[in-house]
Every structure is written in structure tokens, then in C-alpha cells.
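**Q** Have a peek at structure_7.tsv (TSV, C-alpha atoms).
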chain	number	residue	atom	x	y	z
A	1	MET	CA	-50.58	-69.65	-4.56
A	2	SER	CA	-47.96	-68.27	-6.89
A	3	SER	CA	-48.30	-66.18	-9.96
A	4	ASN	CA	-45.84	-65.28	-12.70
A	5	ILE	CA	-45.42	-61.61	-13.50
A	6	THR	CA	-44.02	-60.87	-16.89
A	7	GLY	CA	-43.21	-57.65	-18.65
A	8	THR	CA	-40.48	-55.49	-20.18
A	9	ILE	CA	-38.19	-53.32	-18.11
A	10	LYS	CA	-37.39	-50.06	-19.80
A	11	GLU	CA	-34.52	-47.82	-18.70
A	12	VAL	CA	-35.68	-44.31	-18.01
A	13	PRO	CA	-33.29	-42.01	-19.87
A	14	LYS	CA	-31.38	-39.55	-17.75
A	15	THR	CA	-32.07	-35.89	-18.24
A	16	VAL	CA	-29.32	-34.37	-20.35
A	17	GLU	CA	-28.19	-31.07	-19.01
A	18	GLY	CA	-27.76	-28.33	-21.53
A	19	PRO	CA	-24.70	-26.12	-21.60
A	20	SER	CA	-24.54	-23.78	-18.65
A	21	GLN	CA	-24.62	-20.06	-19.32
A	22	TYR	CA	-21.61	-17.92	-18.65
A	23	LEU	CA	-21.78	-15.80	-15.53
A	24	ASP	CA	-21.80	-12.59	-17.54
A	25	ASP	CA	-24.88	-13.78	-19.45
A	26	ILE	CA	-26.64	-14.40	-16.15
A	27	ALA	CA	-25.51	-11.04	-14.84
A	28	ARG	CA	-27.03	-9.27	-17.85
A	29	LYS	CA	-30.44	-10.71	-16.99
A	30	ALA	CA	-30.18	-10.05	-13.26
A	31	THR	CA	-31.29	-6.77	-11.73
A	32	LYS	CA	-28.28	-4.65	-10.84
A	33	THR	CA	-27.86	-1.72	-8.49
A	34	GLU	CA	-26.02	1.11	-10.21
A	35	ARG	CA	-22.53	1.61	-8.82
A	36	VAL	CA	-21.71	5.27	-8.20
A	37	LEU	CA	-18.01	6.10	-7.91
A	38	TYR	CA	-16.53	9.12	-6.19
A	39	PRO	CA	-14.94	11.38	-8.86
A	40	VAL	CA	-11.16	11.10	-8.79
A	41	SER	CA	-10.87	14.83	-9.56
A	42	ALA	CA	-12.78	15.60	-6.32
A	43	ILE	CA	-10.12	14.01	-4.11
A	44	VAL	CA	-8.44	16.62	-1.92
A	45	GLY	CA	-4.64	16.47	-1.81
A	46	GLN	CA	-2.76	13.19	-2.44
A	47	GLU	CA	-1.32	14.62	-5.68
A	48	LYS	CA	1.59	12.17	-5.83
A	49	MET	CA	-0.72	9.15	-5.56
A	50	LEU	CA	-2.96	10.49	-8.33
A	51	ARG	CA	0.07	11.27	-10.52
A	52	ALA	CA	1.40	7.71	-10.14
A	53	LEU	CA	-1.99	6.24	-11.13
A	54	ILE	CA	-2.37	8.56	-14.11
A	55	LEU	CA	1.15	7.84	-15.42
A	56	ASN	CA	0.39	4.12	-15.49
A	57	THR	CA	-2.88	4.82	-17.28
A	58	ILE	CA	-1.01	6.73	-19.98
A	59	ASN	CA	1.83	4.20	-20.31
A	60	SER	CA	1.02	0.66	-19.20
A	61	SER	CA	4.65	-0.42	-19.75
A	62	ILE	CA	5.75	1.53	-16.65
A	63	GLY	CA	4.85	-1.49	-14.54
A	64	GLY	CA	2.19	-0.62	-11.97
A	65	VAL	CA	2.07	1.21	-8.65
A	66	LEU	CA	1.98	0.28	-4.98
A	67	ILE	CA	0.16	2.70	-2.67
A	68	ARG	CA	1.16	2.39	0.98
A	69	GLY	CA	-0.70	4.16	3.75
A	70	GLN	CA	-2.96	3.89	6.73
A	71	LYS	CA	-6.69	3.37	6.45
A	72	GLY	CA	-8.85	6.32	5.43
A	73	THR	CA	-6.35	8.01	3.10
A	74	ALA	CA	-8.45	7.64	-0.12
A	75	LYS	CA	-6.41	4.78	-1.60
A	76	SER	CA	-9.34	2.65	-2.74
A	77	THR	CA	-11.43	5.72	-3.60
A	78	ALA	CA	-8.75	7.00	-5.99
A	79	ILE	CA	-8.15	3.66	-7.69
A	80	ARG	CA	-11.81	2.82	-8.25
A	81	GLY	CA	-12.62	6.42	-9.23
A	82	LEU	CA	-9.91	6.24	-11.88
A	83	ALA	CA	-12.22	3.95	-13.89
A	84	GLU	CA	-14.33	6.96	-14.89
A	85	VAL	CA	-11.47	8.74	-16.70
A	86	LEU	CA	-9.73	5.76	-18.29
A	87	PRO	CA	-9.24	5.91	-22.08
A	88	GLU	CA	-11.22	3.78	-24.51
A	89	ILE	CA	-9.65	0.70	-26.08
A	90	GLU	CA	-10.61	-1.42	-29.09
A	91	VAL	CA	-11.49	-5.06	-28.31
A	92	VAL	CA	-12.73	-8.00	-30.34
A	93	ASP	CA	-16.49	-8.17	-29.91
A	94	GLY	CA	-17.50	-11.02	-27.59
A	95	CYS	CA	-13.93	-11.92	-26.60
A	96	ARG	CA	-13.64	-13.17	-23.04
A	97	PHE	CA	-9.96	-12.15	-22.96
A	98	ASN	CA	-10.29	-8.57	-24.32
A	99	CYS	CA	-8.03	-9.30	-27.30
A	100	ASP	CA	-6.61	-6.35	-29.23
A	101	PRO	CA	-7.90	-6.52	-32.84
A	102	SER	CA	-4.75	-4.74	-34.07
A	103	ASP	CA	-2.45	-7.43	-32.59
A	104	PRO	CA	-3.48	-10.80	-34.10
A	105	GLU	CA	-0.26	-12.47	-32.90
A	106	LYS	CA	-1.65	-12.33	-29.35
A	107	PHE	CA	-5.16	-13.53	-30.22
A	108	CYS	CA	-6.80	-16.16	-28.05
A	109	TRP	CA	-8.00	-19.32	-29.81
A	110	GLU	CA	-11.56	-17.98	-30.05
A	111	CYS	CA	-10.46	-14.79	-31.84
A	112	LEU	CA	-8.22	-16.80	-34.19
A	113	GLU	CA	-11.25	-18.87	-35.16
A	114	LYS	CA	-13.33	-15.72	-35.70
A	115	LYS	CA	-10.60	-14.29	-37.90
A	116	MET	CA	-10.37	-17.49	-39.98
A	117	ASN	CA	-14.16	-17.50	-40.44
A	118	GLY	CA	-14.21	-13.82	-41.34
A	119	ASN	CA	-16.67	-12.81	-38.61
A	120	LEU	CA	-14.34	-10.82	-36.36
A	121	ARG	CA	-16.01	-7.59	-35.22
A	122	VAL	CA	-14.53	-4.72	-33.24
A	123	HIS	CA	-16.03	-2.40	-30.67
A	124	LYS	CA	-14.72	0.26	-28.28
A	125	ARG	CA	-15.09	0.42	-24.53
A	126	GLN	CA	-13.32	1.93	-21.56
A	127	MET	CA	-10.42	0.20	-19.87
A	128	LYS	CA	-11.60	-1.69	-16.83
A	129	VAL	CA	-10.52	-1.75	-13.20
A	130	VAL	CA	-10.84	-5.38	-12.07
A	131	ASP	CA	-10.74	-6.21	-8.36
A	132	LEU	CA	-8.74	-9.19	-7.13
A	133	PRO	CA	-10.11	-10.24	-3.72
A	134	VAL	CA	-7.51	-11.24	-1.13
A	135	GLY	CA	-9.20	-14.58	-0.48
A	136	ALA	CA	-9.67	-15.56	-4.13
A	137	THR	CA	-9.06	-19.23	-4.96
A	138	GLU	CA	-6.50	-20.34	-7.53
A	139	ASP	CA	-9.19	-21.29	-10.06
A	140	ARG	CA	-10.87	-17.91	-9.58
A	141	VAL	CA	-7.60	-16.10	-10.33
A	142	VAL	CA	-6.03	-18.07	-13.20
A	143	GLY	CA	-9.15	-19.86	-14.51
A	144	SER	CA	-10.36	-23.45	-14.33
A	145	LEU	CA	-9.98	-26.28	-16.79
A	146	ASP	CA	-12.44	-29.20	-17.01
A	147	ILE	CA	-10.20	-32.15	-17.88
A	148	GLU	CA	-13.02	-34.43	-19.03
A	149	LYS	CA	-14.39	-31.82	-21.40
A	150	ALA	CA	-10.89	-30.81	-22.48
A	151	VAL	CA	-10.20	-34.35	-23.70
A	152	ARG	CA	-13.47	-34.46	-25.67
A	153	GLN	CA	-13.84	-30.80	-26.70
A	154	GLY	CA	-10.42	-29.22	-26.38
A	155	VAL	CA	-9.71	-25.71	-25.07
A	156	GLN	CA	-13.39	-24.71	-25.02
A	157	ALA	CA	-13.52	-26.37	-21.59
A	158	PHE	CA	-11.55	-23.46	-20.09
A	159	ASP	CA	-13.43	-21.07	-17.80
A	160	PRO	CA	-11.51	-17.75	-17.64
A	161	GLY	CA	-10.52	-16.21	-14.34
A	162	ILE	CA	-9.68	-12.75	-13.04
A	163	LEU	CA	-6.42	-12.53	-15.04
A	164	ALA	CA	-8.45	-12.90	-18.26
A	165	GLN	CA	-10.84	-10.13	-17.21
A	166	ALA	CA	-7.91	-7.84	-16.36
A	167	ASN	CA	-6.12	-8.28	-19.70
A	168	ARG	CA	-5.43	-4.80	-21.17
A	169	GLY	CA	-6.87	-3.21	-18.04
A	170	ILE	CA	-6.01	-2.45	-14.43
A	171	LEU	CA	-5.83	-5.22	-11.83
A	172	TYR	CA	-6.54	-3.72	-8.41
A	173	VAL	CA	-5.39	-5.68	-5.37
A	174	ASP	CA	-6.44	-4.18	-2.04
A	175	GLU	CA	-4.32	-5.42	0.89
A	176	ILE	CA	-1.86	-6.81	-1.62
A	177	ASN	CA	0.54	-7.72	1.20
A	178	LEU	CA	-1.97	-10.32	2.46
A	179	LEU	CA	-2.17	-12.31	-0.80
A	180	ASP	CA	-1.65	-16.07	-0.70
A	181	ASP	CA	1.62	-17.32	-2.14
A	182	PHE	CA	-0.03	-19.08	-5.10
A	183	VAL	CA	-1.69	-15.81	-6.17
A	184	VAL	CA	1.61	-13.92	-5.91
A	185	ASP	CA	3.32	-16.59	-8.04
A	186	ALA	CA	0.55	-16.38	-10.66
A	187	LEU	CA	0.85	-12.58	-10.79
A	188	LEU	CA	4.63	-12.74	-11.12
A	189	ASP	CA	4.45	-15.28	-13.96
A	190	ALA	CA	1.77	-13.38	-15.86
A	191	ALA	CA	3.46	-10.00	-15.33
A	192	ALA	CA	6.78	-11.34	-16.60
A	193	MET	CA	5.43	-13.17	-19.67
A	194	GLY	CA	2.23	-11.27	-20.48
A	195	VAL	CA	0.57	-14.69	-20.72
A	196	ASN	CA	-1.43	-16.78	-18.25
A	197	THR	CA	-0.99	-20.54	-18.59
A	198	VAL	CA	-3.16	-23.13	-16.85
A	199	GLU	CA	-2.02	-26.77	-16.83
A	200	ARG	CA	-4.04	-29.70	-15.51
A	201	GLU	CA	-3.21	-33.38	-16.07
A	202	GLY	CA	-1.12	-32.72	-19.16
A	203	VAL	CA	-3.68	-30.35	-20.72
A	204	SER	CA	-2.46	-26.77	-21.13
A	205	VAL	CA	-4.32	-23.57	-22.01
A	206	SER	CA	-2.78	-20.13	-22.46
A	207	HIS	CA	-4.26	-16.69	-23.03
A	208	PRO	CA	-2.93	-13.09	-23.10
A	209	ALA	CA	-2.67	-11.43	-19.67
A	210	ASN	CA	-1.18	-7.95	-19.94
A	211	PHE	CA	-2.41	-5.81	-17.07
A	212	ILE	CA	-1.38	-2.92	-14.86
A	213	ILE	CA	-0.96	-3.99	-11.23
A	214	VAL	CA	-2.23	-1.43	-8.75
A	215	GLY	CA	-1.89	-2.52	-5.16
A	216	SER	CA	-2.76	-0.82	-1.89
A	217	MET	CA	-1.69	-1.84	1.58
A	218	ASN	CA	-1.44	-0.78	5.19
A	219	PRO	CA	2.20	-1.30	6.31
A	220	GLU	CA	0.98	-2.01	9.84
A	221	GLU	CA	-0.52	-5.29	8.58
A	222	GLY	CA	2.74	-6.66	7.18
A	223	GLU	CA	5.14	-6.09	4.30
A	224	LEU	CA	4.94	-7.22	0.69
A	225	ARG	CA	6.93	-10.16	-0.66
A	226	PRO	CA	10.23	-8.82	-2.11
A	227	GLN	CA	9.69	-10.63	-5.43
A	228	LEU	CA	6.40	-8.84	-6.06
A	229	LEU	CA	7.63	-5.54	-4.66
A	230	ASP	CA	10.50	-5.51	-7.15
A	231	ARG	CA	8.09	-6.08	-10.05
A	232	ILE	CA	5.91	-3.08	-9.21
A	233	ALA	CA	7.48	0.00	-10.74
A	234	LEU	CA	6.28	2.88	-8.58
A	235	GLN	CA	5.65	3.22	-4.88
A	236	VAL	CA	3.82	6.06	-3.15
A	237	GLU	CA	3.38	6.72	0.55
A	238	VAL	CA	0.09	8.38	1.49
A	239	THR	CA	-0.64	9.93	4.86
A	240	GLY	CA	-3.43	11.89	6.43
A	241	ILE	CA	-3.55	15.60	5.54
A	242	TYR	CA	-2.56	18.01	8.32
A	243	ASP	CA	-3.92	21.20	6.77
A	244	VAL	CA	-7.08	22.24	8.65
A	245	GLU	CA	-8.87	23.76	5.65
A	246	GLN	CA	-8.22	20.73	3.48
A	247	ARG	CA	-9.51	18.38	6.17
A	248	ILE	CA	-12.69	20.44	6.42
A	249	GLU	CA	-13.08	20.29	2.64
A	250	ILE	CA	-12.69	16.49	2.66
A	251	VAL	CA	-15.57	16.12	5.13
A	252	GLU	CA	-17.79	18.61	3.29
A	253	ARG	CA	-17.27	16.94	-0.09
A	254	ARG	CA	-17.87	13.49	1.32
A	255	ASN	CA	-21.13	14.59	2.94
A	256	GLN	CA	-22.28	16.20	-0.31
A	257	PHE	CA	-21.51	12.99	-2.20
A	258	ASN	CA	-23.39	10.86	0.32
A	259	ASP	CA	-26.44	13.16	0.31
A	260	ASP	CA	-26.79	13.40	-3.48
A	261	PRO	CA	-24.17	11.41	-5.43
A	262	LYS	CA	-25.48	12.24	-8.91
A	263	HIS	CA	-25.59	15.98	-8.24
A	264	PHE	CA	-22.07	15.86	-6.77
A	265	ILE	CA	-20.78	14.00	-9.82
A	266	ARG	CA	-22.39	16.58	-12.16
A	267	GLU	CA	-20.56	19.36	-10.29
A	268	PHE	CA	-17.23	17.72	-11.14
A	269	GLU	CA	-18.04	16.76	-14.75
A	270	THR	CA	-15.94	19.62	-16.12
A	271	GLU	CA	-12.91	18.60	-14.04
A	272	GLN	CA	-13.38	14.96	-15.01
A	273	ASP	CA	-13.55	15.89	-18.71
A	274	LYS	CA	-10.39	18.00	-18.42
A	275	LEU	CA	-8.51	15.13	-16.79
A	276	ARG	CA	-9.80	12.62	-19.36
A	277	SER	CA	-8.77	14.93	-22.23
A	278	LYS	CA	-5.31	15.50	-20.74
A	279	ILE	CA	-4.75	11.75	-20.44
A	280	LEU	CA	-5.80	11.16	-24.06
A	281	LYS	CA	-3.50	13.93	-25.33
A	282	ALA	CA	-0.62	12.46	-23.32
A	283	ILE	CA	-1.21	9.01	-24.85
A	284	GLN	CA	-1.04	10.54	-28.33
A	285	LEU	CA	2.07	12.59	-27.49
A	286	LEU	CA	4.01	9.83	-25.71
A	287	PRO	CA	5.53	8.21	-28.87
A	288	ARG	CA	7.08	11.58	-29.79
A	289	VAL	CA	8.75	12.21	-26.43
A	290	ALA	CA	12.50	11.84	-26.87
A	291	THR	CA	15.01	10.59	-24.29
A	292	THR	CA	18.49	12.01	-24.78
A	293	ARG	CA	21.75	10.40	-23.76
A	294	ASP	CA	22.18	13.16	-21.18
A	295	ASN	CA	18.84	12.14	-19.65
A	296	LEU	CA	20.01	8.54	-19.42
A	297	ARG	CA	23.31	9.65	-17.87
A	298	THR	CA	21.42	11.63	-15.21
A	299	ILE	CA	19.24	8.61	-14.44
A	300	ALA	CA	22.28	6.33	-14.16
A	301	GLU	CA	24.05	8.78	-11.84
A	302	ILE	CA	21.00	8.90	-9.57
A	303	CYS	CA	20.75	5.11	-9.35
A	304	ILE	CA	24.46	4.78	-8.56
A	305	ALA	CA	24.35	7.58	-5.97
A	306	PHE	CA	21.47	5.90	-4.14
A	307	ASN	CA	23.08	2.45	-4.27
A	308	VAL	CA	20.33	0.70	-6.21
A	309	ASP	CA	20.72	-2.97	-7.08
A	310	GLY	CA	20.20	-4.10	-10.68
A	311	HIS	CA	19.09	-2.01	-13.65
A	312	ARG	CA	15.31	-2.25	-13.43
A	313	ALA	CA	15.18	1.12	-11.62
A	314	ASP	CA	16.96	2.87	-14.54
A	315	ILE	CA	14.42	1.50	-17.01
A	316	MET	CA	11.42	2.42	-14.87
A	317	ILE	CA	12.66	5.95	-14.15
A	318	GLU	CA	13.14	6.57	-17.88
A	319	ARG	CA	9.64	5.31	-18.72
A	320	ALA	CA	7.99	7.27	-15.92
A	321	ALA	CA	9.93	10.47	-16.74
A	322	ARG	CA	9.04	10.20	-20.42
A	323	THR	CA	5.38	9.66	-19.53
A	324	ASN	CA	5.40	12.58	-17.09
A	325	ALA	CA	6.74	14.84	-19.85
A	326	ALA	CA	3.91	13.73	-22.14
A	327	TYR	CA	1.36	14.39	-19.40
A	328	GLU	CA	2.74	17.91	-19.06
A	329	GLY	CA	2.49	18.38	-22.84
A	330	ARG	CA	6.23	18.34	-23.62
A	331	GLU	CA	8.27	16.34	-26.13
A	332	ARG	CA	11.49	16.65	-24.12
A	333	ILE	CA	12.34	15.20	-20.73
A	334	THR	CA	13.53	17.68	-18.11
A	335	ASN	CA	15.42	17.08	-14.88
A	336	ASP	CA	12.17	17.76	-13.00
A	337	ASP	CA	10.57	14.82	-14.82
A	338	ILE	CA	13.47	12.58	-13.82
A	339	ILE	CA	13.36	13.72	-10.19
A	340	GLU	CA	9.60	13.19	-9.95
A	341	ALA	CA	9.93	9.70	-11.46
A	342	ALA	CA	12.87	8.77	-9.22
A	343	GLU	CA	10.90	9.80	-6.11
A	344	MET	CA	8.43	7.01	-6.91
A	345	VAL	CA	10.83	4.37	-8.26
A	346	LEU	CA	13.72	4.41	-5.78
A	347	PRO	CA	12.41	4.27	-2.18
A	348	HIS	CA	11.71	0.52	-2.17
A	349	ARG	CA	14.81	-0.32	-4.19
A	350	MET	CA	17.62	1.34	-2.27
A	351	ARG	CA	19.98	-1.01	-0.46
A	352	LYS	CA	19.50	-0.69	3.30
A	353	LYS	CA	22.45	-0.70	5.67
A	354	PRO	CA	22.19	-2.59	8.98
A	355	PHE	CA	20.67	-0.53	11.83
A	356	GLU	CA	20.31	2.46	9.53
A	357	GLU	CA	17.28	3.96	7.83
A	358	GLU	CA	18.30	5.67	4.63
A	359	GLU	CA	17.16	9.25	4.10
A	360	PHE	CA	15.49	10.05	0.83
A	361	SER	CA	14.06	13.27	-0.48
A	362	ALA	CA	13.57	15.34	-3.62
A	363	ASP	CA	16.29	17.70	-2.36
A	364	GLN	CA	18.81	14.85	-2.33
A	365	LEU	CA	17.78	13.88	-5.84
A	366	ARG	CA	18.16	17.46	-7.03
A	367	ALA	CA	21.60	17.68	-5.46
A	368	VAL	CA	22.70	14.61	-7.44
A	369	VAL	CA	21.22	15.99	-10.67
A	370	GLU	CA	22.92	19.36	-10.19
A	371	GLY	CA	26.26	17.69	-9.46
A	372	ASN	CA	26.47	18.69	-5.81
A	373	VAL	CA	26.91	15.11	-4.63
Using C-alpha cells, write down the structure from this file.

**A**
Amino acid sequence: MSSNITGTIKEVPKTVEGPSQYLDDIARKATKTERVLYPVSAIVGQEKMLRALILNTINSSIGGVLIRGQKGTAKSTAIRGLAEVLPEIEVVDGCRFNCDPSDPEKFCWECLEKKMNGNLRVHKRQMKVVDLPVGATEDRVVGSLDIEKAVRQGVQAFDPGILAQANRGILYVDEINLLDDFVVDALLDAAAMGVNTVEREGVSVSHPANFIIVGSMNPEEGELRPQLLDRIALQVEVTGIYDVEQRIEIVERRNQFNDDPKHFIREFETEQDKLRSKILKAIQLLPRVATTRDNLRTIAEICIAFNVDGHRADIMIERAARTNAAYEGRERITNDDIIEAAEMVLPHRMRKKPFEEEEFSADQLRAVVEGNV
């Protein structure tokens, strides 16, 4: 026996997914554990490393710093602790790229739209220290672009990466010598142009990417690519401290911090405030610091005496010396400023002779400055 079955087949509509939330929106709703940072003013010794970090904080045009040293010499502690004394900056409210409201020529497309619609708001916040993990993927670093959405919706399909977060802040790269080549190339491009560009299948998106590179590394694990090394302005070597009393103080302070971090931080509030105030005063004074022709002559003589290739070293020494003078509260550069800057700019730029390790010291620099060489 057969029977006919009749009816109407209806297509069940697919569930339409709504727009996904940004990760920062999700993070705001999630429960977070408060991150407590060791006060940078509580670090014992390592004055040259701290000076290099502070100079870049005052004047971002110096060009970053590379900190070389063995493990356990407070490299990461100093860099992350610096976040607590960084100056405030003005940013466009809600901007994913930290655009500067006083520089509309460098606005991202979202801020341009806000400006055209008259709803651009400004707020202040501290500069940020953004970590770049060694194993980060290319999309995580430069950002990802959804081609299908880009064709239909345009640049809104761009998901910013770490370079967007670091714009107008500090980009910290631990073990910078272990970075993949594609990350090094992205950093070099962004550092040179101040812009990060992502291109996929003929679709291109660009956004501002001005940041201060701060890298740390252990030389025992390999050297840094020469192209990136040349781009980083200052280099500092850090070693373990050999003074018995200072080593005792390091252990005591670390134990106090571990036992009661908040109490330890309160004990150093005054020192932190002094450092923060000194940095702010230096930022305000920096435009008034003058570089004389004699200063430039001294810098040129140093670079020639130490057989430095190119002219990038001259520019970086001048910027660092001028910033050091501002940090010390002076409107004039002294020879001491130049010597201190040259100590951090020249070591990784001097031309090496075969089978010969060049000697380099502040005494040699002073001899050149005083005309004894």
C-alpha cells in the first residue's frame, strides 16, 4: 500500500551572529587581579639603566634603549616599574590608537569621523608600557584585516594589534634578540615611518604608530639583528652589584615587598612623587634647552675619534645630552651631558677591528672632549 505525503518545506533561518565585542570590553567585565609593580625608585644601584629609561620618557625622539645583562639584574623590574612614574598624555576618548587630539593630521579614520561629527572628546591618562611577547604572531603585532568585511564595510574590519596599543607609549620587548624576523621588520618599518600599514589582498589600512622601543636581552642567548640595533638609540650594560651592603639591601627590600607590597609601595611614595615631578619639570624645560655650535663640534669630534659610521650617533648624542641637561634642571648643555650621552650611544656603533676588542670608557671620552686625544 502506498500513500502520498504532501506538505510545504520551510527553510529554517540561520541564526545571525551579532557583532563581537572588543577584547577590552570583555576585559572590563571580567574579574581582574590587581597588578602590583615594584617601585622604580626602590631599585638599588643600576643608575645608568634608570637614567637611560628616564631620558626616553622625557624625550621620545631619542629613539629607545636596549638593556643588556644577565638574568636577575632588575631589567624587567625597572622597565615595568617605570609605568608608575610616566607622565600623563591627552588622548581622544575611545580611540583604539591613542590619537593625540592636538595633532589632527595624524588622526586615525575613527577620530577623523568624530571630528567631522563634532563629538570628539578628550581625556588624560598615563603613558602605557605595552609588552610585546617574543612568540607573538604577525596579526597580533600589526593587527588583522578581515577581507570579506573590508570589501563590504571598509576599514572598520581592522582589528588593531600591539603596535596600535603602543602608539604614544613604551613598547617593551623582553628577549628582543629572540624576535622573529617578521616582527623585527614590522618594528623597523613602524619606527622609521611612525605609521603601521597592514595590506591584505589589495586592501590597505594605516594608523599612527609612534612608540619608544625598550628592549632587554641576555647576550648569552644571542645577539640582536644589526638593523634593529642601529635603530635603538641608547645601549646600557647591566651587571650584578659587587658591593656587599647593596646586595644585602636588595634582598631586604625584595623580601619586604613580597611580604606586604602595598606597605612597601607606601614607604616609597615620596621618592616616586619626587621622580615623577622631576620628569614633568624636565619635559617642560626641554624646549628651552639650547645646543650651541661648540656643543655640536664636541659631539662631532667624539664620533670621529671613536670611528663611528654614519651620522645617526651625532644626532642621538645631541638629543640625549639636551634631555639630560633638562633632567638636571639646566638650559645649557655641558660637556658632562655630552659624555654621559655618548657613553650610551657609542658602544654598539663603533667600528670593530679584526681580532681586536675596542676599549671604551668615560675617561677616554673626557680625554677627547678636553683635547688630549

**Q** Applying 12 Å and all atoms listed in the file, which residues near Lys114 in chain A remain after dropping the ones on its own chain fewer than 3 positions away? List them as a list in words.

**A**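 Selected residues are Val92, Asp93, Gly94, Cys95, Cys99, Pro101, Pro104, Phe107, Cys108, Trp109, Glu110, Cys111, Asn117, Gly118, Asn119, Leu120, Arg121 and Val122 of chain A.
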
**Q** Using the selection just defined, write its residues with C-alpha atoms as an mmCIF file, in the coordinates of the input.

**A**
data_model
loop_
_atom_site.group_PDB
_atom_site.id
_atom_site.type_symbol
_atom_site.label_atom_id
_atom_site.label_comp_id
_atom_site.auth_asym_id
_atom_site.auth_seq_id
_atom_site.Cartn_x
_atom_site.Cartn_y
_atom_site.Cartn_z
ATOM 1 C CA VAL A 92 -12.730 -8.000 -30.340
ATOM 2 C CA ASP A 93 -16.490 -8.170 -29.910
ATOM 3 C CA GLY A 94 -17.500 -11.020 -27.590
ATOM 4 C CA CYS A 95 -13.930 -11.920 -26.600
ATOM 5 C CA CYS A 99 -8.030 -9.300 -27.300
ATOM 6 C CA PRO A 101 -7.900 -6.520 -32.840
ATOM 7 C CA PRO A 104 -3.480 -10.800 -34.100
ATOM 8 C CA PHE A 107 -5.160 -13.530 -30.220
ATOM 9 C CA CYS A 108 -6.800 -16.160 -28.050
ATOM 10 C CA TRP A 109 -8.000 -19.320 -29.810
ATOM 11 C CA GLU A 110 -11.560 -17.980 -30.050
ATOM 12 C CA CYS A 111 -10.460 -14.790 -31.840
ATOM 13 C CA ASN A 117 -14.160 -17.500 -40.440
ATOM 14 C CA GLY A 118 -14.210 -13.820 -41.340
ATOM 15 C CA ASN A 119 -16.670 -12.810 -38.610
ATOM 16 C CA LEU A 120 -14.340 -10.820 -36.360
ATOM 17 C CA ARG A 121 -16.010 -7.590 -35.220
ATOM 18 C CA VAL A 122 -14.530 -4.720 -33.240
#

**Q** Check the smallest atom-to-atom distance from each of A:Ile89, A:Ala42, A:Ile333, A:Val345 to Arg293 in chain A using only C-alpha atoms, then report the winner.

**A** A:Ile333

**Q** With all atoms of range 109-122 of chain A from the file as input, state the centre and edge lengths in Å to one decimal of the axis-aligned box that has 8 Å extra on each side, as JSON.

**A**
{"center_x": -12.3, "center_y": -12.0, "center_z": -35.6, "size_x": 24.7, "size_y": 30.6, "size_z": 27.5}

**Q** Just the residues within 9 Å of Ala78 in chain A, please, counting all atoms listed in the file, with nothing from its chain fewer than 2 positions along; format it as a PyMOL selection string.

**A** chain A and resi 38-41+43+49-50+53+74-76+80-82

**Q** Between CA of Asp103 in chain A and CA of Glu138 in chain A, what distance in Å does the model show, to one decimal?

**A** 28.5 Å

**Q** When you draw a straight line from CA of Leu286 in chain A to CA of Gly329 in chain A, how long is it in Å?

**A** 9.1 Å

**Q** Give as a ChimeraX atom specification every residue, naming chains and numbers as the document does, that has an atom within 12 Å of (-7.6, 0.8, -5.6), counting all atoms listed in the file.

**A** /A:37,40,49-50,53,64-68,73-83,129-133,170-176,212-217
